[in-house]
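Participant: Following this line is final-v6.cif, made up of mmCIF, C-alpha atoms and all ligand atoms:
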```cif
data_query
#
loop_
_atom_site.label_atom_id
_atom_site.label_comp_id
_atom_site.auth_asym_id
_atom_site.auth_seq_id
_atom_site.Cartn_x
_atom_site.Cartn_y
_atom_site.Cartn_z
CA MET A 138 -12.38 7.12 15.24
CA ALA A 139 -11.17 6.00 11.82
CA LEU A 140 -7.43 5.89 11.30
CA GLN A 141 -6.03 9.00 9.67
CA LEU A 142 -2.85 9.67 7.71
CA GLY A 143 0.09 10.17 10.04
CA ASP A 144 -1.44 8.05 12.84
CA THR A 145 0.58 5.18 14.29
CA VAL A 146 -1.33 2.09 13.18
CA PRO A 147 -2.46 -0.32 15.88
CA ASN A 148 -0.72 -3.66 16.33
CA PHE A 149 -2.64 -6.95 16.27
CA VAL A 150 -2.05 -10.67 16.52
CA GLN A 151 -4.19 -12.88 14.31
CA GLU A 152 -4.11 -16.24 12.54
CA SER A 153 -2.95 -16.33 8.95
CA THR A 154 -2.06 -18.74 6.18
CA ALA A 155 1.60 -18.25 7.19
CA GLY A 156 0.92 -19.01 10.90
CA PRO A 157 0.05 -16.58 13.70
CA ILE A 158 1.02 -13.02 12.77
CA ASP A 159 2.09 -10.25 15.11
CA PHE A 160 1.69 -7.31 12.74
CA TYR A 161 4.53 -5.17 14.17
CA GLU A 162 6.90 -8.15 14.20
CA TYR A 163 5.95 -9.08 10.66
CA ALA A 164 6.48 -5.50 9.49
CA GLY A 165 9.90 -5.15 11.12
CA ASP A 166 11.74 -2.31 9.33
CA SER A 167 9.77 -2.67 6.11
CA TRP A 168 6.95 -0.76 4.53
CA VAL A 169 3.70 -2.74 4.62
CA ILE A 170 0.66 -2.88 2.37
CA LEU A 171 -2.30 -4.29 4.29
CA PHE A 172 -5.37 -4.92 2.14
CA SER A 173 -8.73 -6.49 2.81
CA HIS A 174 -10.99 -8.78 0.77
CA PRO A 175 -14.73 -9.05 1.22
CA LYS A 176 -14.89 -12.84 1.23
CA ASP A 177 -13.12 -16.08 0.31
CA PHE A 178 -13.92 -17.88 -2.95
CA THR A 179 -14.97 -14.70 -4.76
CA PRO A 180 -13.82 -13.99 -8.30
CA VAL A 181 -12.43 -10.45 -8.06
CA CYS A 182 -10.46 -11.25 -4.89
CA THR A 183 -9.05 -14.38 -6.51
CA THR A 184 -7.62 -12.33 -9.38
CA GLU A 185 -6.26 -9.68 -6.99
CA LEU A 186 -4.42 -12.17 -4.80
CA GLY A 187 -2.85 -13.80 -7.86
CA ALA A 188 -1.76 -10.41 -9.21
CA VAL A 189 -0.19 -9.38 -5.90
CA ALA A 190 1.71 -12.69 -5.67
CA LYS A 191 3.10 -12.08 -9.18
CA LEU A 192 4.34 -8.62 -8.12
CA LYS A 193 6.55 -10.01 -5.30
CA HIS A 194 9.78 -8.86 -7.00
CA GLU A 195 8.39 -5.30 -7.23
CA PHE A 196 7.48 -5.27 -3.52
CA ASP A 197 10.89 -6.73 -2.56
CA LYS A 198 12.72 -4.04 -4.59
CA ARG A 199 10.96 -1.38 -2.53
CA ASN A 200 11.34 -3.09 0.89
CA VAL A 201 7.58 -3.64 1.05
CA LYS A 202 5.82 -6.58 2.71
CA VAL A 203 2.24 -7.34 1.75
CA ILE A 204 -0.46 -8.86 3.89
CA GLY A 205 -4.02 -9.67 2.83
CA LEU A 206 -7.09 -10.12 5.02
CA SER A 207 -10.45 -11.77 4.69
CA VAL A 208 -12.97 -12.42 7.46
CA ASP A 209 -13.30 -16.14 6.75
CA SER A 210 -11.67 -18.97 8.71
CA LEU A 211 -8.15 -20.31 8.28
CA GLU A 212 -9.58 -23.59 7.00
CA SER A 213 -11.53 -21.72 4.33
CA HIS A 214 -8.43 -19.68 3.39
CA MET A 215 -6.37 -22.86 2.95
CA GLY A 216 -8.93 -24.21 0.47
CA TRP A 217 -9.04 -20.91 -1.40
CA VAL A 218 -5.24 -20.73 -1.67
CA GLY A 219 -5.40 -23.91 -3.79
CA ASP A 220 -7.93 -22.29 -6.12
CA ILE A 221 -5.77 -19.17 -6.46
CA GLU A 222 -2.79 -21.28 -7.48
CA GLU A 223 -4.90 -23.31 -9.91
CA THR A 224 -6.65 -20.38 -11.61
CA GLN A 225 -3.99 -17.62 -11.41
CA GLY A 226 -0.93 -19.82 -11.96
CA VAL A 227 0.94 -18.56 -8.91
CA LYS A 228 1.42 -19.66 -5.31
CA LEU A 229 0.30 -17.23 -2.59
CA ASN A 230 3.65 -15.91 -1.29
CA PHE A 231 2.42 -13.61 1.49
CA PRO A 232 0.17 -14.10 4.53
CA LEU A 233 -3.60 -13.92 4.28
CA ILE A 234 -5.08 -13.08 7.68
CA ALA A 235 -7.99 -15.25 8.80
CA ASP A 236 -9.97 -12.53 10.57
CA HIS A 237 -12.83 -14.82 11.56
CA ASP A 238 -13.73 -12.71 14.63
CA ARG A 239 -13.32 -9.42 12.67
CA LYS A 240 -10.78 -8.20 15.23
CA VAL A 241 -8.52 -6.57 12.64
CA ALA A 242 -11.38 -5.51 10.36
CA ASN A 243 -12.94 -3.56 13.25
CA LEU A 244 -9.60 -2.15 14.45
CA TYR A 245 -8.88 -0.79 10.96
CA ASN A 246 -12.50 0.16 10.17
CA MET A 247 -12.71 -2.16 7.17
CA ILE A 248 -16.43 -2.87 7.58
CA HIS A 249 -18.64 -0.08 6.26
CA PRO A 250 -22.14 -1.03 7.49
CA ASN A 251 -24.03 1.03 4.93
CA GLU A 252 -22.25 -0.99 2.25
CA ASP A 253 -22.31 -4.39 4.00
CA ASN A 254 -22.79 -5.31 7.67
CA VAL A 255 -20.71 -8.47 7.60
CA PHE A 256 -17.98 -8.33 4.97
CA THR A 257 -15.15 -5.85 4.55
CA VAL A 258 -14.84 -3.35 1.74
CA ARG A 259 -11.58 -3.39 -0.26
CA SER A 260 -9.36 -1.33 2.04
CA VAL A 261 -5.71 -0.56 1.32
CA PHE A 262 -3.31 0.76 3.97
CA ILE A 263 0.28 1.74 3.25
CA VAL A 264 2.30 1.80 6.48
CA ASP A 265 5.87 3.09 6.68
CA PRO A 266 8.74 1.53 8.68
CA GLN A 267 7.88 3.82 11.64
CA LYS A 268 4.36 2.25 11.61
CA LYS A 269 2.78 5.50 10.47
CA LEU A 270 -0.18 5.34 8.15
CA ARG A 271 0.82 6.96 4.85
CA LEU A 272 -2.10 6.15 2.53
CA THR A 273 -5.57 4.69 2.63
CA ILE A 274 -7.76 3.87 -0.34
CA THR A 275 -11.18 2.27 -0.14
CA TYR A 276 -12.71 0.46 -3.10
CA PRO A 277 -16.17 -1.09 -3.28
CA ALA A 278 -16.43 -4.88 -3.34
CA PRO A 279 -17.15 -5.37 -7.06
CA THR A 280 -14.19 -3.22 -8.20
CA GLY A 281 -10.77 -4.86 -8.42
CA ARG A 282 -7.86 -2.70 -7.31
CA ASN A 283 -5.03 -1.40 -9.49
CA PHE A 284 -1.85 -2.58 -7.76
CA ASP A 285 0.33 -0.71 -10.26
CA GLU A 286 -1.18 2.47 -8.82
CA ILE A 287 -0.47 1.29 -5.28
CA LEU A 288 3.18 0.62 -6.22
CA ARG A 289 3.33 4.07 -7.87
CA VAL A 290 2.27 5.64 -4.57
CA VAL A 291 4.96 3.69 -2.70
CA ASP A 292 7.52 5.07 -5.18
CA ALA A 293 6.23 8.61 -4.64
CA LEU A 294 6.23 8.28 -0.84
CA GLN A 295 9.75 6.86 -0.75
CA LEU A 296 11.02 9.56 -3.12
CA THR A 297 9.40 12.47 -1.30
CA ASP A 298 10.61 11.16 2.09
CA LYS A 299 14.21 11.43 0.88
CA ASN A 300 14.08 14.62 -1.22
CA LYS A 301 12.45 18.05 -0.99
CA VAL A 302 10.16 17.32 -3.93
CA ALA A 303 6.54 16.45 -4.68
CA THR A 304 5.20 14.41 -7.60
CA PRO A 305 2.88 15.91 -10.22
CA VAL A 306 -0.29 14.45 -11.66
CA ASN A 307 0.10 10.91 -13.05
CA TRP A 308 3.81 10.91 -12.16
CA LYS A 309 5.68 7.64 -12.59
CA HIS A 310 9.13 6.60 -11.37
CA GLY A 311 11.81 8.30 -13.53
CA GLU A 312 9.70 11.28 -14.57
CA ASP A 313 10.26 14.92 -13.64
CA VAL A 314 9.17 16.15 -10.21
CA ILE A 315 8.24 19.42 -8.51
CA ILE A 316 10.52 21.30 -6.11
CA LEU A 317 8.65 21.92 -2.83
CA PRO A 318 7.38 25.51 -2.64
CA SER A 319 9.01 25.77 0.84
CA VAL A 320 12.48 25.44 -0.78
CA SER A 321 14.02 28.81 -1.70
CA ASN A 322 15.79 29.23 -5.05
CA GLU A 323 19.04 29.62 -3.07
CA GLU A 324 18.56 26.22 -1.38
CA ALA A 325 17.33 24.67 -4.62
CA LYS A 326 20.65 25.55 -6.33
CA ASN A 327 22.42 23.21 -3.88
CA LEU A 328 19.78 20.50 -3.88
CA PHE A 329 19.17 20.41 -7.64
CA PRO A 330 22.48 21.33 -9.31
CA GLU A 331 21.10 20.32 -12.71
CA GLY A 332 18.67 23.20 -12.40
CA TRP A 333 14.94 23.47 -12.99
CA VAL A 334 12.33 25.02 -15.21
CA GLU A 335 10.37 27.74 -13.45
CA LYS A 336 6.86 27.89 -14.90
CA LYS A 337 5.73 29.99 -11.94
CA PRO A 338 7.65 30.84 -8.75
CA TYR A 339 5.61 28.06 -7.06
CA LEU A 340 5.88 25.59 -9.97
CA ARG A 341 9.49 24.55 -10.52
CA ILE A 342 10.08 21.34 -12.45
CA THR A 343 13.30 19.33 -12.08
CA LYS A 344 14.66 15.88 -12.90
CA GLN A 345 13.82 13.11 -10.45
CA PRO A 346 16.63 13.02 -7.87
CA GLU A 347 18.77 9.88 -7.67
CA LYS A 348 18.09 9.36 -3.97
CA VAL A 349 15.18 6.94 -3.90
CA GLY A 350 14.42 3.83 -1.93
CA SER A 351 13.05 2.81 1.40
C1 LIG B 1 -15.44 -10.56 -5.64
O1 LIG B 1 -14.42 -10.57 -4.99
O2 LIG B 1 -15.51 -11.09 -6.73
C2 LIG B 1 -16.68 -9.86 -5.14
C3 LIG B 1 -16.90 -9.74 -3.79
C4 LIG B 1 -18.06 -9.11 -3.35
C5 LIG B 1 -18.96 -8.57 -4.27
C6 LIG B 1 -18.71 -8.68 -5.62
C7 LIG B 1 -17.55 -9.32 -6.07
#
```
I need this file expressed as structure tokens, please.
Facilitator:
Amino acid sequence: MALQLGDTVPNFVQESTAGPIDFYEYAGDSWVILFSHPKDFTPVCTTELGAVAKLKHEFDKRNVKVIGLSVDSLESHMGWVGDIEETQGVKLNFPLIADHDRKVANLYNMIHPNEDNVFTVRSVFIVDPQKKLRLTITYPAPTGRNFDEILRVVDALQLTDKNKVATPVNWKHGEDVIILPSVSNEEAKNLFPEGWVEKKPYLRITKQPEKVGS
């Protein structure tokens, strides 16, 4: 059965551009973004890998490790890494799994046969430090992902793990949030001393709490 939100993600050991990877060991106490690429030496994937490498400081700030995957060989990956550096102006600074036997792709259901029998779709998995799956997004092969959106979700997950709030439509870090409907007004007075705007009893808007992070 496909992995579902809240499931403990399975561990794996596989070759990568940074040496053999034991996924749980690599993750340690960090959040992880695991994302798949249909194939080496493809244009959209090349731009994505460059963009993710350039966002390293953003991932570090949030205690997030990233790990890419493509079903080609390690030798092929090593050649592609050179092209990424040449065309995107950045060195790959995270592991790219060489999933030549599709072990990880099958474990994480990254191959959608009605789309393509051989290559993965563009899967994204956000895994928390307890190894629980917190988000999946699946993009088709010709559509490059928006990693700003993926970072935005990490911000929302980390915020809502630490505070009794939810994030409204198109929320970004620093913007107002919603007090969880399960919080009574009595409790909210303690949790949100700056107060809130009550648009409806179930729709109470307050400033983003200070307590953020991983
Ligand atoms: C790409 O990464 O550029 C790509 C991969 C598969 C289909 C179309 C584009």
Participant: Counting all atoms listed in the file, which residues of chain A sit at most 10 Å from some atom of ligand LIG 1 (chain B), and what is each one's closest atom pair with its distance in Å to one decimal, listed by chain and rising residue number, as a tab-separated table?
Facilitator:
```
residue	atom	partner	partner_atom	distance
A:His174	CA	B:LIG1	O1	6.9
A:Pro175	CA	B:LIG1	C3	5.5
A:Lys176	CA	B:LIG1	C3	6.2
A:Asp177	CA	B:LIG1	O1	7.8
A:Phe178	CA	B:LIG1	O1	7.6
A:Thr179	CA	B:LIG1	O2	4.1
A:Pro180	CA	B:LIG1	O2	3.7
A:Val181	CA	B:LIG1	O2	3.4
A:Cys182	CA	B:LIG1	O1	4.0
A:Thr183	CA	B:LIG1	O1	6.8
A:Thr184	CA	B:LIG1	O1	8.3
A:Glu185	CA	B:LIG1	O1	8.4
A:Asp253	CA	B:LIG1	C4	9.7
A:Phe256	CA	B:LIG1	C4	8.4
A:Thr257	CA	B:LIG1	C4	9.0
A:Val258	CA	B:LIG1	C4	8.3
A:Arg259	CA	B:LIG1	C3	9.0
A:Pro277	CA	B:LIG1	C5	8.0
A:Ala278	CA	B:LIG1	C4	4.5
A:Pro279	CA	B:LIG1	C6	3.9
A:Thr280	CA	B:LIG1	C7	7.3
A:Gly281	CA	B:LIG1	O1	7.6
```
Participant: Please, could you write that set of residues out with C-alpha atoms as an mmCIF file, in the coordinates of the input?
Facilitator:
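Written output follows (again.cif):
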```cif
data_model
loop_
_atom_site.group_PDB
_atom_site.id
_atom_site.type_symbol
_atom_site.label_atom_id
_atom_site.label_comp_id
_atom_site.auth_asym_id
_atom_site.auth_seq_id
_atom_site.Cartn_x
_atom_site.Cartn_y
_atom_site.Cartn_z
ATOM 1 C CA HIS A 174 -10.990 -8.780 0.770
ATOM 2 C CA PRO A 175 -14.730 -9.050 1.220
ATOM 3 C CA LYS A 176 -14.890 -12.840 1.230
ATOM 4 C CA ASP A 177 -13.120 -16.080 0.310
ATOM 5 C CA PHE A 178 -13.920 -17.880 -2.950
ATOM 6 C CA THR A 179 -14.970 -14.700 -4.760
ATOM 7 C CA PRO A 180 -13.820 -13.990 -8.300
ATOM 8 C CA VAL A 181 -12.430 -10.450 -8.060
ATOM 9 C CA CYS A 182 -10.460 -11.250 -4.890
ATOM 10 C CA THR A 183 -9.050 -14.380 -6.510
ATOM 11 C CA THR A 184 -7.620 -12.330 -9.380
ATOM 12 C CA GLU A 185 -6.260 -9.680 -6.990
ATOM 13 C CA ASP A 253 -22.310 -4.390 4.000
ATOM 14 C CA PHE A 256 -17.980 -8.330 4.970
ATOM 15 C CA THR A 257 -15.150 -5.850 4.550
ATOM 16 C CA VAL A 258 -14.840 -3.350 1.740
ATOM 17 C CA ARG A 259 -11.580 -3.390 -0.260
ATOM 18 C CA PRO A 277 -16.170 -1.090 -3.280
ATOM 19 C CA ALA A 278 -16.430 -4.880 -3.340
ATOM 20 C CA PRO A 279 -17.150 -5.370 -7.060
ATOM 21 C CA THR A 280 -14.190 -3.220 -8.200
ATOM 22 C CA GLY A 281 -10.770 -4.860 -8.420
#
```
Participant: For a test of reading the model, state the distance in Å between atom CA of A:Asp144 and atom CA of A:Asp209, rounded to one decimal.
Facilitator: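 Spanning atom CA of A:Asp144 to atom CA of A:Asp209 is a straight-line distance of 27.6 Å.
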Participant: Between A:Ser260, A:Asn327, A:Thr297, A:Asn251, which residue has the minimum interatomic distance to A:Ser207, considering all atoms listed in the file?
Facilitator: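 Comparing A:Ser260, A:Asn327, A:Thr297, A:Asn251 against A:Ser207, the winner is A:Ser260.
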Participant: Write out as an NGL selection string which residues come within 12 Å of A:Leu294 when counting only C-alpha atoms, dropping same-chain ones fewer than 6 positions away.
Facilitator: :A and (168 or 199 or 263-266 or 270-272 or 287-288 or 300-304 or 308-310 or 349-351)
Participant: For A:Leu142, which of A:Lys268, A:Tyr276, A:Arg239, A:Phe231 is the closest residue, counting all atoms listed in the file?
Facilitator: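 Smallest separation from A:Leu142 among the options: A:Lys268.
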Participant: Measuring between all atoms listed in the file, which one of A:Thr154, A:Val261, A:Ser319, A:Asp166 shows the shortest distance to A:Ala242?
Facilitator: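 For A:Ala242, the nearest of the candidates is A:Val261.
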Participant: In Å, rounded to a single decimal, give me how far atom CA of A:Ile315 is from atom CA of A:Gln345.
Facilitator: 8.6 Å
Participant: Work out how far apart atom CA of A:Tyr245 and atom CA of A:Tyr161 are and give it in Å to one decimal.
Facilitator: 14.5 Å
Participant: Rank nothing, just name the residue among A:Val189, A:Ile221, A:Val306, A:Leu211 nearest to A:Leu171, using all atoms listed in the file.
Facilitator: A:Val189
Participant: Using all atoms listed in the file, find the one residue out of A:Phe196, A:Val208, A:Lys336, A:Thr145 that sits nearest to A:Asp292.
Facilitator: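 Ranked by minimum distance to A:Asp292, first place goes to A:Phe196.
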Participant: Closest to A:Glu347 among A:Leu317, A:Lys228, A:Gln295, A:Glu195, using all atoms listed in the file?
Facilitator: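 That would be A:Gln295, the residue with the smallest distance to A:Glu347.
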Participant: For A:Phe149, list every protein, DNA or RNA residue within 7 Å, evaluated using only C-alpha atoms, and leave out those in the same chain fewer than 4 positions away; present the list as a ChimeraX atom specification.
Facilitator: /A:159-160,241
Participant: If you count all atoms listed in the file, which residues fall within 10 Å of A:Leu244, apart from same-chain ones fewer than 2 positions away, as an mmCIF file with C-alpha atoms, in the frame of the given file?
Facilitator:
```cif
data_model
loop_
_atom_site.group_PDB
_atom_site.id
_atom_site.type_symbol
_atom_site.label_atom_id
_atom_site.label_comp_id
_atom_site.auth_asym_id
_atom_site.auth_seq_id
_atom_site.Cartn_x
_atom_site.Cartn_y
_atom_site.Cartn_z
ATOM 1 C CA MET A 138 -12.380 7.120 15.240
ATOM 2 C CA ALA A 139 -11.170 6.000 11.820
ATOM 3 C CA LEU A 140 -7.430 5.890 11.300
ATOM 4 C CA VAL A 146 -1.330 2.090 13.180
ATOM 5 C CA PRO A 147 -2.460 -0.320 15.880
ATOM 6 C CA ASN A 148 -0.720 -3.660 16.330
ATOM 7 C CA PHE A 149 -2.640 -6.950 16.270
ATOM 8 C CA ARG A 239 -13.320 -9.420 12.670
ATOM 9 C CA LYS A 240 -10.780 -8.200 15.230
ATOM 10 C CA VAL A 241 -8.520 -6.570 12.640
ATOM 11 C CA ALA A 242 -11.380 -5.510 10.360
ATOM 12 C CA ASN A 246 -12.500 0.160 10.170
ATOM 13 C CA MET A 247 -12.710 -2.160 7.170
ATOM 14 C CA ILE A 248 -16.430 -2.870 7.580
#
```
Participant: Provide stretch 222-238 of chain A rebuilt to N, CA, C and O atoms, formatted as a short mmCIF file (atom, residue, chain, number, x, y, z; two decimals), in the frame of the given file.
Facilitator:
```
data_model
loop_
_atom_site.label_atom_id
_atom_site.label_comp_id
_atom_site.auth_asym_id
_atom_site.auth_seq_id
_atom_site.Cartn_x
_atom_site.Cartn_y
_atom_site.Cartn_z
N GLU A 222 -3.93 -20.70 -6.75
CA GLU A 222 -2.79 -21.28 -7.48
C GLU A 222 -3.28 -21.90 -8.80
O GLU A 222 -2.68 -21.68 -9.86
N GLU A 223 -4.39 -22.60 -8.71
CA GLU A 223 -4.90 -23.31 -9.91
C GLU A 223 -5.35 -22.31 -11.00
O GLU A 223 -5.02 -22.46 -12.17
N THR A 224 -6.06 -21.26 -10.59
CA THR A 224 -6.65 -20.38 -11.61
C THR A 224 -5.73 -19.22 -12.01
O THR A 224 -5.84 -18.71 -13.12
N GLN A 225 -4.83 -18.80 -11.11
CA GLN A 225 -3.99 -17.62 -11.41
C GLN A 225 -2.55 -18.03 -11.76
O GLN A 225 -1.73 -17.19 -12.12
N GLY A 226 -2.25 -19.32 -11.57
CA GLY A 226 -0.93 -19.82 -11.96
C GLY A 226 0.20 -19.32 -11.08
O GLY A 226 1.34 -19.19 -11.54
N VAL A 227 -0.10 -19.05 -9.82
CA VAL A 227 0.94 -18.56 -8.91
C VAL A 227 0.58 -18.98 -7.48
O VAL A 227 -0.59 -19.05 -7.13
N LYS A 228 1.64 -19.29 -6.72
CA LYS A 228 1.42 -19.66 -5.31
C LYS A 228 1.28 -18.38 -4.47
O LYS A 228 2.02 -17.41 -4.73
N LEU A 229 0.40 -18.39 -3.50
CA LEU A 229 0.30 -17.23 -2.59
C LEU A 229 1.63 -17.13 -1.82
O LEU A 229 2.02 -18.10 -1.18
N ASN A 230 2.32 -16.02 -1.90
CA ASN A 230 3.65 -15.91 -1.29
C ASN A 230 3.69 -14.83 -0.20
O ASN A 230 4.72 -14.24 0.08
N PHE A 231 2.52 -14.56 0.37
CA PHE A 231 2.42 -13.61 1.49
C PHE A 231 1.27 -14.08 2.37
O PHE A 231 0.41 -14.86 1.92
N PRO A 232 1.22 -13.61 3.63
CA PRO A 232 0.17 -14.10 4.53
C PRO A 232 -1.21 -13.52 4.19
O PRO A 232 -1.32 -12.36 3.79
N LEU A 233 -2.21 -14.36 4.38
CA LEU A 233 -3.60 -13.92 4.28
C LEU A 233 -4.21 -14.12 5.67
O LEU A 233 -4.31 -15.26 6.16
N ILE A 234 -4.57 -13.01 6.30
CA ILE A 234 -5.08 -13.08 7.68
C ILE A 234 -6.47 -13.71 7.68
O ILE A 234 -7.32 -13.35 6.85
N ALA A 235 -6.68 -14.62 8.61
CA ALA A 235 -7.99 -15.25 8.80
C ALA A 235 -8.69 -14.49 9.93
O ALA A 235 -8.58 -14.85 11.10
N ASP A 236 -9.40 -13.45 9.56
CA ASP A 236 -9.97 -12.53 10.57
C ASP A 236 -11.39 -12.95 10.92
O ASP A 236 -12.33 -12.15 10.83
N HIS A 237 -11.51 -14.21 11.34
CA HIS A 237 -12.83 -14.82 11.56
C HIS A 237 -13.67 -14.07 12.60
O HIS A 237 -14.88 -14.03 12.52
N ASP A 238 -12.99 -13.46 13.59
CA ASP A 238 -13.73 -12.71 14.63
C ASP A 238 -13.78 -11.20 14.32
O ASP A 238 -14.23 -10.41 15.13
#
```
